[in-house]
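Here is query.pdb, consisting of PDB, C-alpha atoms, pLDDT in the B column:
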ATOM      1  CA  MET V   1       0.000   0.000   0.000  1.00 68.00           C
ATOM      2  CA  ALA V   2       1.363   3.396  -0.988  1.00 78.00           C
ATOM      3  CA  ALA V   3       2.152   5.931   1.695  1.00 87.00           C
ATOM      4  CA  GLU V   4      -0.144   8.913   2.028  1.00 92.00           C
ATOM      5  CA  LEU V   5       1.814  11.972   0.911  1.00 93.00           C
ATOM      6  CA  GLN V   6       1.093  15.461   2.132  1.00 94.00           C
ATOM      7  CA  VAL V   7       3.009  18.712   1.671  1.00 94.00           C
ATOM      8  CA  VAL V   8       2.639  21.167   4.548  1.00 96.00           C
ATOM      9  CA  GLU V   9       4.296  24.355   5.701  1.00 97.00           C
ATOM     10  CA  ALA V  10       7.572  23.380   7.361  1.00 98.00           C
ATOM     11  CA  GLN V  11       7.731  23.524  11.148  1.00 98.00           C
ATOM     12  CA  LEU V  12      10.798  23.348  13.397  1.00 98.00           C
ATOM     13  CA  ALA V  13       9.523  20.014  14.729  1.00 98.00           C
ATOM     14  CA  HIS V  14       9.941  18.514  11.237  1.00 98.00           C
ATOM     15  CA  LEU V  15      13.700  19.097  11.174  1.00 98.00           C
ATOM     16  CA  PRO V  16      15.047  16.561  13.739  1.00 98.00           C
ATOM     17  CA  PRO V  17      13.627  13.425  12.073  1.00 98.00           C
ATOM     18  CA  VAL V  18      14.940  14.484   8.662  1.00 98.00           C
ATOM     19  CA  ALA V  19      18.338  15.387  10.158  1.00 98.00           C
ATOM     20  CA  LYS V  20      18.603  12.103  12.072  1.00 98.00           C
ATOM     21  CA  TYR V  21      17.926   9.937   9.011  1.00 98.00           C
ATOM     22  CA  MET V  22      19.260  12.251   6.261  1.00 98.00           C
ATOM     23  CA  ARG V  23      20.276  10.557   3.016  1.00 97.00           C
ATOM     24  CA  ILE V  24      24.041   9.999   2.761  1.00 97.00           C
ATOM     25  CA  CYS V  25      24.188  11.998  -0.496  1.00 96.00           C
ATOM     26  CA  ASP V  26      22.672  15.012   1.286  1.00 97.00           C
ATOM     27  CA  GLN V  27      24.926  14.588   4.324  1.00 97.00           C
ATOM     28  CA  ARG V  28      27.999  14.604   2.099  1.00 97.00           C
ATOM     29  CA  GLU V  29      26.748  17.669   0.256  1.00 98.00           C
ATOM     30  CA  VAL V  30      26.082  19.835   3.334  1.00 98.00           C
ATOM     31  CA  TRP V  31      29.432  18.819   4.806  1.00 98.00           C
ATOM     32  CA  ALA V  32      31.266  19.644   1.565  1.00 98.00           C
ATOM     33  CA  ALA V  33      29.459  22.975   1.188  1.00 98.00           C
ATOM     34  CA  ALA V  34      29.915  24.325   4.715  1.00 98.00           C
ATOM     35  CA  HIS V  35      31.140  21.629   7.111  1.00 98.00           C
ATOM     36  CA  ALA V  36      27.570  21.643   8.391  1.00 98.00           C
ATOM     37  CA  THR V  37      25.818  18.825  10.202  1.00 98.00           C
ATOM     38  CA  PRO V  38      22.427  17.759   8.861  1.00 98.00           C
ATOM     39  CA  MET V  39      20.644  19.707  11.623  1.00 98.00           C
ATOM     40  CA  GLN V  40      22.757  22.829  11.064  1.00 98.00           C
ATOM     41  CA  ALA V  41      22.002  22.757   7.331  1.00 98.00           C
ATOM     42  CA  LEU V  42      18.270  22.304   7.903  1.00 98.00           C
ATOM     43  CA  LEU V  43      18.160  25.113  10.469  1.00 98.00           C
ATOM     44  CA  GLU V  44      20.029  27.490   8.175  1.00 97.00           C
ATOM     45  CA  GLY V  45      17.668  26.772   5.291  1.00 97.00           C
ATOM     46  CA  TYR V  46      14.631  27.038   7.538  1.00 98.00           C
ATOM     47  CA  ASP V  47      15.756  30.346   9.079  1.00 97.00           C
ATOM     48  CA  ASN V  48      16.582  31.964   5.726  1.00 96.00           C
ATOM     49  CA  SER V  49      13.568  30.828   3.725  1.00 97.00           C
ATOM     50  CA  PRO V  50      10.229  32.624   3.666  1.00 95.00           C
ATOM     51  CA  GLN V  51       8.889  29.756   1.538  1.00 94.00           C
ATOM     52  CA  ARG V  52       9.471  26.327   3.087  1.00 96.00           C
ATOM     53  CA  TRP V  53       7.668  23.017   2.977  1.00 96.00           C
ATOM     54  CA  THR V  54       7.797  19.557   4.487  1.00 97.00           C
ATOM     55  CA  LEU V  55       6.876  16.396   2.635  1.00 96.00           C
ATOM     56  CA  LEU V  56       5.102  14.021   5.006  1.00 97.00           C
ATOM     57  CA  ALA V  57       4.740  10.303   4.278  1.00 96.00           C
ATOM     58  CA  ASP V  58       2.039   8.795   6.463  1.00 96.00           C
ATOM     59  CA  GLY V  59       2.474  11.814   8.746  1.00 97.00           C
ATOM     60  CA  LEU V  60       6.267  11.484   9.097  1.00 97.00           C
ATOM     61  CA  PRO V  61       8.645  14.167   7.710  1.00 98.00           C
ATOM     62  CA  VAL V  62      10.817  12.778   4.910  1.00 98.00           C
ATOM     63  CA  MET V  63      11.919  15.993   3.174  1.00 97.00           C
ATOM     64  CA  VAL V  64      12.211  19.668   4.035  1.00 98.00           C
ATOM     65  CA  ALA V  65      12.659  22.184   1.227  1.00 96.00           C
ATOM     66  CA  GLY V  66      12.478  25.892   0.668  1.00 96.00           C
ATOM     67  CA  VAL V  67      13.761  28.980  -1.079  1.00 97.00           C
ATOM     68  CA  ALA V  68      16.236  31.224   0.726  1.00 96.00           C
ATOM     69  CA  GLU V  69      16.442  34.908  -0.068  1.00 93.00           C
ATOM     70  CA  VAL V  70      19.488  36.892  -1.085  1.00 91.00           C
ATOM     71  CA  PRO V  71      19.657  40.304   0.641  1.00 91.00           C
ATOM     72  CA  GLY V  72      19.244  43.114  -1.871  1.00 94.00           C
ATOM     73  CA  ARG V  73      18.073  40.748  -4.630  1.00 94.00           C
ATOM     74  CA  PRO V  74      14.289  40.395  -4.239  1.00 92.00           C
ATOM     75  CA  ASP V  75      13.913  38.529  -7.554  1.00 94.00           C
ATOM     76  CA  PHE V  76      16.632  35.952  -6.748  1.00 96.00           C
ATOM     77  CA  GLY V  77      15.836  32.773  -4.799  1.00 97.00           C
ATOM     78  CA  VAL V  78      18.100  29.975  -3.605  1.00 98.00           C
ATOM     79  CA  PRO V  79      16.169  26.684  -3.708  1.00 97.00           C
ATOM     80  CA  TRP V  80      17.188  23.810  -1.455  1.00 97.00           C
ATOM     81  CA  ALA V  81      15.855  20.425  -0.388  1.00 96.00           C
ATOM     82  CA  LEU V  82      17.179  17.886   2.101  1.00 97.00           C
ATOM     83  CA  ALA V  83      15.649  14.461   2.578  1.00 97.00           C
ATOM     84  CA  SER V  84      15.752  11.469   4.874  1.00 98.00           C
ATOM     85  CA  VAL V  85      16.213   7.886   3.721  1.00 97.00           C
ATOM     86  CA  GLY V  86      12.419   7.549   4.021  1.00 96.00           C
ATOM     87  CA  PHE V  87      12.171   9.729   0.927  1.00 94.00           C
ATOM     88  CA  TYR V  88      13.367   6.842  -1.253  1.00 92.00           C
ATOM     89  CA  ASP V  89      10.135   4.961  -0.505  1.00 92.00           C
ATOM     90  CA  VAL V  90       7.938   7.821  -1.725  1.00 92.00           C
ATOM     91  CA  SER V  91      10.068   9.563  -4.339  1.00 87.00           C
ATOM     92  CA  ARG V  92       7.893   8.432  -7.275  1.00 85.00           C
ATOM     93  CA  GLY V  93       4.783   9.881  -5.674  1.00 85.00           C
ATOM     94  CA  PHE V  94       6.624  13.111  -4.964  1.00 85.00           C
ATOM     95  CA  LEU V  95       7.838  13.401  -8.566  1.00 84.00           C
ATOM     96  CA  ARG V  96       4.234  13.771  -9.693  1.00 82.00           C
ATOM     97  CA  ARG V  97       3.812  16.963  -7.687  1.00 84.00           C
ATOM     98  CA  CYS V  98       7.260  18.554  -7.327  1.00 87.00           C
ATOM     99  CA  ARG V  99       7.052  20.692 -10.485  1.00 89.00           C
ATOM    100  CA  ALA V 100       4.103  22.528  -8.955  1.00 89.00           C
ATOM    101  CA  TYR V 101       6.314  23.588  -6.037  1.00 88.00           C
ATOM    102  CA  VAL V 102       9.036  24.822  -8.377  1.00 92.00           C
ATOM    103  CA  ALA V 103       6.330  26.876 -10.127  1.00 91.00           C
ATOM    104  CA  GLU V 104       5.271  28.207  -6.721  1.00 91.00           C
ATOM    105  CA  MET V 105       8.873  29.270  -6.033  1.00 93.00           C
ATOM    106  CA  GLN V 106       8.942  31.090  -9.337  1.00 93.00           C
ATOM    107  CA  ARG V 107       5.800  33.060  -8.603  1.00 92.00           C
ATOM    108  CA  ARG V 108       7.889  34.893  -6.023  1.00 93.00           C
ATOM    109  CA  TYR V 109      11.377  34.719  -7.564  1.00 95.00           C
ATOM    110  CA  ARG V 110      12.175  35.389 -11.211  1.00 95.00           C
ATOM    111  CA  TYR V 111      15.505  33.585 -10.989  1.00 96.00           C
ATOM    112  CA  LEU V 112      16.383  30.489  -8.965  1.00 97.00           C
ATOM    113  CA  GLU V 113      19.974  29.361  -8.514  1.00 97.00           C
ATOM    114  CA  ASN V 114      22.090  27.220  -6.208  1.00 98.00           C
ATOM    115  CA  LEU V 115      24.862  24.633  -6.242  1.00 98.00           C
ATOM    116  CA  VAL V 116      24.696  20.837  -6.077  1.00 98.00           C
ATOM    117  CA  ASP V 117      27.571  18.513  -5.171  1.00 98.00           C
ATOM    118  CA  VAL V 118      28.713  16.693  -8.325  1.00 98.00           C
ATOM    119  CA  ARG V 119      28.511  13.416  -6.346  1.00 97.00           C
ATOM    120  CA  ASN V 120      24.817  13.950  -5.534  1.00 96.00           C
ATOM    121  CA  GLU V 121      23.429  12.127  -8.574  1.00 94.00           C
ATOM    122  CA  ASP V 122      19.962  11.702  -7.026  1.00 90.00           C
ATOM    123  CA  SER V 123      19.536  15.444  -6.626  1.00 93.00           C
ATOM    124  CA  ILE V 124      20.965  16.202 -10.075  1.00 96.00           C
ATOM    125  CA  ARG V 125      18.413  13.878 -11.720  1.00 94.00           C
ATOM    126  CA  TRP V 126      15.610  15.488  -9.697  1.00 92.00           C
ATOM    127  CA  LEU V 127      16.729  19.009 -10.661  1.00 95.00           C
ATOM    128  CA  VAL V 128      16.684  18.122 -14.352  1.00 95.00           C
ATOM    129  CA  TRP V 129      13.228  16.526 -13.938  1.00 92.00           C
ATOM    130  CA  CYS V 130      11.991  19.782 -12.381  1.00 93.00           C
ATOM    131  CA  GLY V 131      13.228  21.829 -15.351  1.00 94.00           C
ATOM    132  CA  PHE V 132      16.409  23.302 -13.911  1.00 97.00           C
ATOM    133  CA  THR V 133      19.459  23.741 -16.100  1.00 97.00           C
ATOM    134  CA  VAL V 134      22.431  22.007 -14.486  1.00 98.00           C
ATOM    135  CA  ALA V 135      25.797  23.269 -15.708  1.00 97.00           C
ATOM    136  CA  ARG V 136      28.225  20.433 -16.396  1.00 93.00           C
ATOM    137  CA  THR V 137      31.315  22.515 -15.762  1.00 97.00           C
ATOM    138  CA  PRO V 138      32.062  22.222 -12.044  1.00 98.00           C
ATOM    139  CA  VAL V 139      32.969  25.120  -9.797  1.00 98.00           C
ATOM    140  CA  THR V 140      35.115  24.809  -6.688  1.00 98.00           C
ATOM    141  CA  PHE V 141      33.182  25.511  -3.503  1.00 98.00           C
ATOM    142  CA  GLY V 142      33.240  24.955   0.243  1.00 98.00           C
ATOM    143  CA  PRO V 143      35.974  24.631   2.865  1.00 98.00           C
ATOM    144  CA  GLU V 144      37.522  21.595   1.157  1.00 95.00           C
ATOM    145  CA  GLY V 145      37.339  22.993  -2.368  1.00 98.00           C
ATOM    146  CA  ARG V 146      34.961  20.283  -3.611  1.00 98.00           C
ATOM    147  CA  SER V 147      33.375  20.291  -7.066  1.00 98.00           C
ATOM    148  CA  PHE V 148      29.805  21.507  -7.393  1.00 98.00           C
ATOM    149  CA  PHE V 149      27.541  22.127 -10.372  1.00 98.00           C
ATOM    150  CA  ARG V 150      25.602  25.385 -10.587  1.00 98.00           C
ATOM    151  CA  PHE V 151      21.905  24.950 -11.373  1.00 98.00           C
ATOM    152  CA  HIS V 152      19.354  27.594 -12.282  1.00 98.00           C
ATOM    153  CA  LYS V 153      15.905  28.303 -13.641  1.00 97.00           C
ATOM    154  CA  LEU V 154      14.614  31.555 -15.075  1.00 95.00           C
ATOM    155  CA  ARG V 155      10.878  32.328 -14.989  1.00 88.00           C
ATOM    156  CA  CYS V 156       9.556  32.761 -18.519  1.00 79.00           C
ATOM    157  CA  GLU V 157       7.494  35.887 -18.886  1.00 69.00           C
ATOM    158  CA  GLY V 158       5.181  36.919 -21.687  1.00 55.00           C
ATOM    159  CA  VAL V 159       5.235  33.536 -23.381  1.00 47.00           C
TER     160      VAL V 159
END
Taking this structure as input, can you express it in the form of structure tokens?
Amino acid sequence: MAAELQVVEAQLAHLPPVAKYMRICDQREVWAAAHATPMQALLEGYDNSPQRWTLLADGLPVMVAGVAEVPGRPDFGVPWALASVGFYDVSRGFLRRCRAYVAEMQRRYRYLENLVDVRNEDSIRWLVWCGFTVARTPVTFGPEGRSFFRFHKLRCEGV
């Protein structure tokens, strides 16, 4: 039987279960980007994002996502998503609805951009599915100088 999926506004109480069981690919990425623990990365995203959601599977948080703002750049959003291993069980169901949340991000922000660890193949596939352009020329980023790909999406206007 498929899990019941629900997307709700993220709450602080949703962060600990996702942090505790965060996917290895996401753990590696937040460490490479900022030497952050899973909880530190979730808190930073939560605190800096006016738009933030939690994906619940049968009432349990399996992903927290949002769009952080860049001071002085009201049209520029920094999308992020971090998931627990429980996300693997419901990822197909989530794929059916995730593009709607990217569209919601773009109602507020004309341009979305962030970085993804080149080793995070799961996230790269998801970003492409959601319509982001993922550059294939890596940039050096983070305290260890790891390779990341830049990804972005520009809102089409007047089409």
Translate the PyMOL selection byres ((chain V and resi 59-73) around 7), as applied to the file shown, into an explicit residue set as a PDB file with C-alpha atoms, in the coordinates of the input.
ATOM      1  CA  ALA V  10       7.572  23.380   7.361  1.00 98.00           C
ATOM      2  CA  HIS V  14       9.941  18.514  11.237  1.00 98.00           C
ATOM      3  CA  PRO V  17      13.627  13.425  12.073  1.00 98.00           C
ATOM      4  CA  VAL V  18      14.940  14.484   8.662  1.00 98.00           C
ATOM      5  CA  GLY V  45      17.668  26.772   5.291  1.00 97.00           C
ATOM      6  CA  ASN V  48      16.582  31.964   5.726  1.00 96.00           C
ATOM      7  CA  SER V  49      13.568  30.828   3.725  1.00 97.00           C
ATOM      8  CA  PRO V  50      10.229  32.624   3.666  1.00 95.00           C
ATOM      9  CA  GLN V  51       8.889  29.756   1.538  1.00 94.00           C
ATOM     10  CA  ARG V  52       9.471  26.327   3.087  1.00 96.00           C
ATOM     11  CA  TRP V  53       7.668  23.017   2.977  1.00 96.00           C
ATOM     12  CA  THR V  54       7.797  19.557   4.487  1.00 97.00           C
ATOM     13  CA  LEU V  55       6.876  16.396   2.635  1.00 96.00           C
ATOM     14  CA  LEU V  56       5.102  14.021   5.006  1.00 97.00           C
ATOM     15  CA  ALA V  57       4.740  10.303   4.278  1.00 96.00           C
ATOM     16  CA  ASP V  58       2.039   8.795   6.463  1.00 96.00           C
ATOM     17  CA  PRO V  74      14.289  40.395  -4.239  1.00 92.00           C
ATOM     18  CA  ASP V  75      13.913  38.529  -7.554  1.00 94.00           C
ATOM     19  CA  PHE V  76      16.632  35.952  -6.748  1.00 96.00           C
ATOM     20  CA  GLY V  77      15.836  32.773  -4.799  1.00 97.00           C
ATOM     21  CA  VAL V  78      18.100  29.975  -3.605  1.00 98.00           C
ATOM     22  CA  PRO V  79      16.169  26.684  -3.708  1.00 97.00           C
ATOM     23  CA  TRP V  80      17.188  23.810  -1.455  1.00 97.00           C
ATOM     24  CA  ALA V  81      15.855  20.425  -0.388  1.00 96.00           C
ATOM     25  CA  LEU V  82      17.179  17.886   2.101  1.00 97.00           C
ATOM     26  CA  ALA V  83      15.649  14.461   2.578  1.00 97.00           C
ATOM     27  CA  SER V  84      15.752  11.469   4.874  1.00 98.00           C
ATOM     28  CA  GLY V  86      12.419   7.549   4.021  1.00 96.00           C
ATOM     29  CA  PHE V  87      12.171   9.729   0.927  1.00 94.00           C
ATOM     30  CA  MET V 105       8.873  29.270  -6.033  1.00 93.00           C
TER      31      MET V 105
END
Next item on the list: Write out as an NGL selection string which residues come within 6 Å of segment 118-133 of chain V when counting all atoms listed in the file, dropping same-chain ones fewer than 6 positions away.
Entry: :V and (25 or 99 or 148-149 or 151-153)
Next item on the list: Give me, please, the distance in Å between atom CA of Ser147 of chain V and atom CA of Tyr109 of chain V, quoted to one decimal.
Entry: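 Going from atom CA of Ser147 of chain V over to atom CA of Tyr109 of chain V, I get 26.3 Å.
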Margin query: So that I can check the surroundings of Ile24 of chain V, please list as a PyMOL selection string every protein, DNA and RNA residue that reaches within 9 Å of it, counting all atoms listed in the file and ignoring chain neighbours fewer than 3 positions away.
Written below: chain V and resi 21+27-29+84-85
Next item on the list: Write out as JSON, numbers by chain which residues come within 9 Å of segment 33-35 of chain V when counting all atoms listed in the file, dropping same-chain ones fewer than 6 positions away.
Entry: {"V": [41, 115, 116, 117, 141, 142, 143, 144, 145, 146, 148]}
Next item on the list: Mind giving me the straight-line distance from atom CA of Arg155 of chain V to atom CA of Tyr111 of chain V in Å, one decimal?
Entry: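 Answer for the atom CA of Arg155 of chain V to atom CA of Tyr111 of chain V separation: 6.2 Å.
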Next item on the list: May I ask for the distance between atom CA of Glu113 of chain V and atom CA of Asp47 of chain V, given in Å to one decimal place?
Entry: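 A separation of 18.1 Å between them.
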Margin query: Env of Pro38 of chain V: 7 Å cut, atoms = all atoms listed in the file, seq-sep filter 2 positions within chain, self excluded. Answer as a list in words.
Written below: Ala19, Met22, Gln27, Val30, Ala36, Gln40, Ala41 and Leu42 of chain V
Check: From the set V:Arg108, V:Ala2, V:Val7, V:Val134, which residue has the shortest atom-to-atom contact distance to Arg92 of chain V, counting only C-alpha atoms?
Finding: V:Ala2
Next item on the list: May I ask which of the residues V:Glu104, V:Glu4, V:Asp89, V:Glu9 is the closest one to Tyr46 of chain V, counting all atoms listed in the file?
Entry: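 Checking each of V:Glu104, V:Glu4, V:Asp89, V:Glu9 against Tyr46 of chain V, counting all atoms listed in the file, the winner is V:Glu9.
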Atoms are missing here; could segment 137-158 of chain V be completed with N, CA, C and O atoms and written as a tab-separated table (two decimals), in the frame of the given file?
chain	number	residue	atom	x	y	z
V	137	THR	N	29.96	22.08	-16.08
V	137	THR	CA	31.32	22.52	-15.76
V	137	THR	C	31.34	22.80	-14.27
V	137	THR	O	30.65	23.71	-13.80
V	138	PRO	N	32.09	22.04	-13.50
V	138	PRO	CA	32.06	22.22	-12.04
V	138	PRO	C	32.77	23.50	-11.61
V	138	PRO	O	33.67	24.00	-12.29
V	139	VAL	N	32.31	24.00	-10.47
V	139	VAL	CA	32.97	25.12	-9.80
V	139	VAL	C	33.49	24.59	-8.46
V	139	VAL	O	32.94	23.64	-7.91
V	140	THR	N	34.54	25.19	-7.98
V	140	THR	CA	35.12	24.81	-6.69
V	140	THR	C	34.39	25.58	-5.60
V	140	THR	O	34.20	26.79	-5.71
V	141	PHE	N	33.98	24.87	-4.55
V	141	PHE	CA	33.18	25.51	-3.50
V	141	PHE	C	33.42	24.79	-2.18
V	141	PHE	O	33.74	23.62	-2.14
V	142	GLY	N	33.21	25.53	-1.10
V	142	GLY	CA	33.24	24.96	0.24
V	142	GLY	C	34.64	24.92	0.83
V	142	GLY	O	35.63	25.17	0.16
V	143	PRO	N	34.71	24.60	2.13
V	143	PRO	CA	35.97	24.63	2.86
V	143	PRO	C	37.02	23.64	2.36
V	143	PRO	O	38.21	23.85	2.56
V	144	GLU	N	36.57	22.58	1.68
V	144	GLU	CA	37.52	21.60	1.16
V	144	GLU	C	37.79	21.77	-0.33
V	144	GLU	O	38.52	20.98	-0.93
V	145	GLY	N	37.15	22.77	-0.94
V	145	GLY	CA	37.34	22.99	-2.37
V	145	GLY	C	36.78	21.88	-3.23
V	145	GLY	O	37.37	21.50	-4.23
V	146	ARG	N	35.61	21.36	-2.86
V	146	ARG	CA	34.96	20.28	-3.61
V	146	ARG	C	34.33	20.83	-4.90
V	146	ARG	O	34.06	22.02	-5.02
V	147	SER	N	34.02	19.93	-5.80
V	147	SER	CA	33.38	20.29	-7.07
V	147	SER	C	31.86	20.28	-6.91
V	147	SER	O	31.28	19.32	-6.39
V	148	PHE	N	31.26	21.35	-7.38
V	148	PHE	CA	29.80	21.51	-7.39
V	148	PHE	C	29.38	21.95	-8.79
V	148	PHE	O	30.14	22.60	-9.50
V	149	PHE	N	28.15	21.60	-9.15
V	149	PHE	CA	27.54	22.13	-10.37
V	149	PHE	C	26.59	23.25	-9.98
V	149	PHE	O	25.83	23.11	-9.01
V	150	ARG	N	26.58	24.31	-10.76
V	150	ARG	CA	25.60	25.38	-10.59
V	150	ARG	C	24.33	24.95	-11.31
V	150	ARG	O	24.38	24.37	-12.39
V	151	PHE	N	23.18	25.20	-10.69
V	151	PHE	CA	21.90	24.95	-11.37
V	151	PHE	C	21.05	26.19	-11.27
V	151	PHE	O	21.17	26.99	-10.34
V	152	HIS	N	20.19	26.39	-12.27
V	152	HIS	CA	19.35	27.59	-12.28
V	152	HIS	C	18.09	27.37	-13.09
V	152	HIS	O	17.99	26.43	-13.88
V	153	LYS	N	17.16	28.29	-12.89
V	153	LYS	CA	15.90	28.30	-13.64
V	153	LYS	C	15.40	29.74	-13.68
V	153	LYS	O	15.31	30.39	-12.64
V	154	LEU	N	15.11	30.20	-14.87
V	154	LEU	CA	14.61	31.56	-15.08
V	154	LEU	C	13.12	31.46	-15.40
V	154	LEU	O	12.71	30.65	-16.24
V	155	ARG	N	12.32	32.29	-14.73
V	155	ARG	CA	10.88	32.33	-14.99
V	155	ARG	C	10.65	32.93	-16.38
V	155	ARG	O	11.17	34.01	-16.68
V	156	CYS	N	9.91	32.25	-17.19
V	156	CYS	CA	9.56	32.76	-18.52
V	156	CYS	C	8.40	33.73	-18.36
V	156	CYS	O	7.41	33.44	-17.71
V	157	GLU	N	8.55	34.89	-18.97
V	157	GLU	CA	7.49	35.89	-18.89
V	157	GLU	C	7.04	36.26	-20.27
V	157	GLU	O	7.83	36.34	-21.21
V	158	GLY	N	5.74	36.47	-20.42
V	158	GLY	CA	5.18	36.92	-21.69
V	158	GLY	C	5.19	35.87	-22.78
V	158	GLY	O	5.19	36.19	-23.95
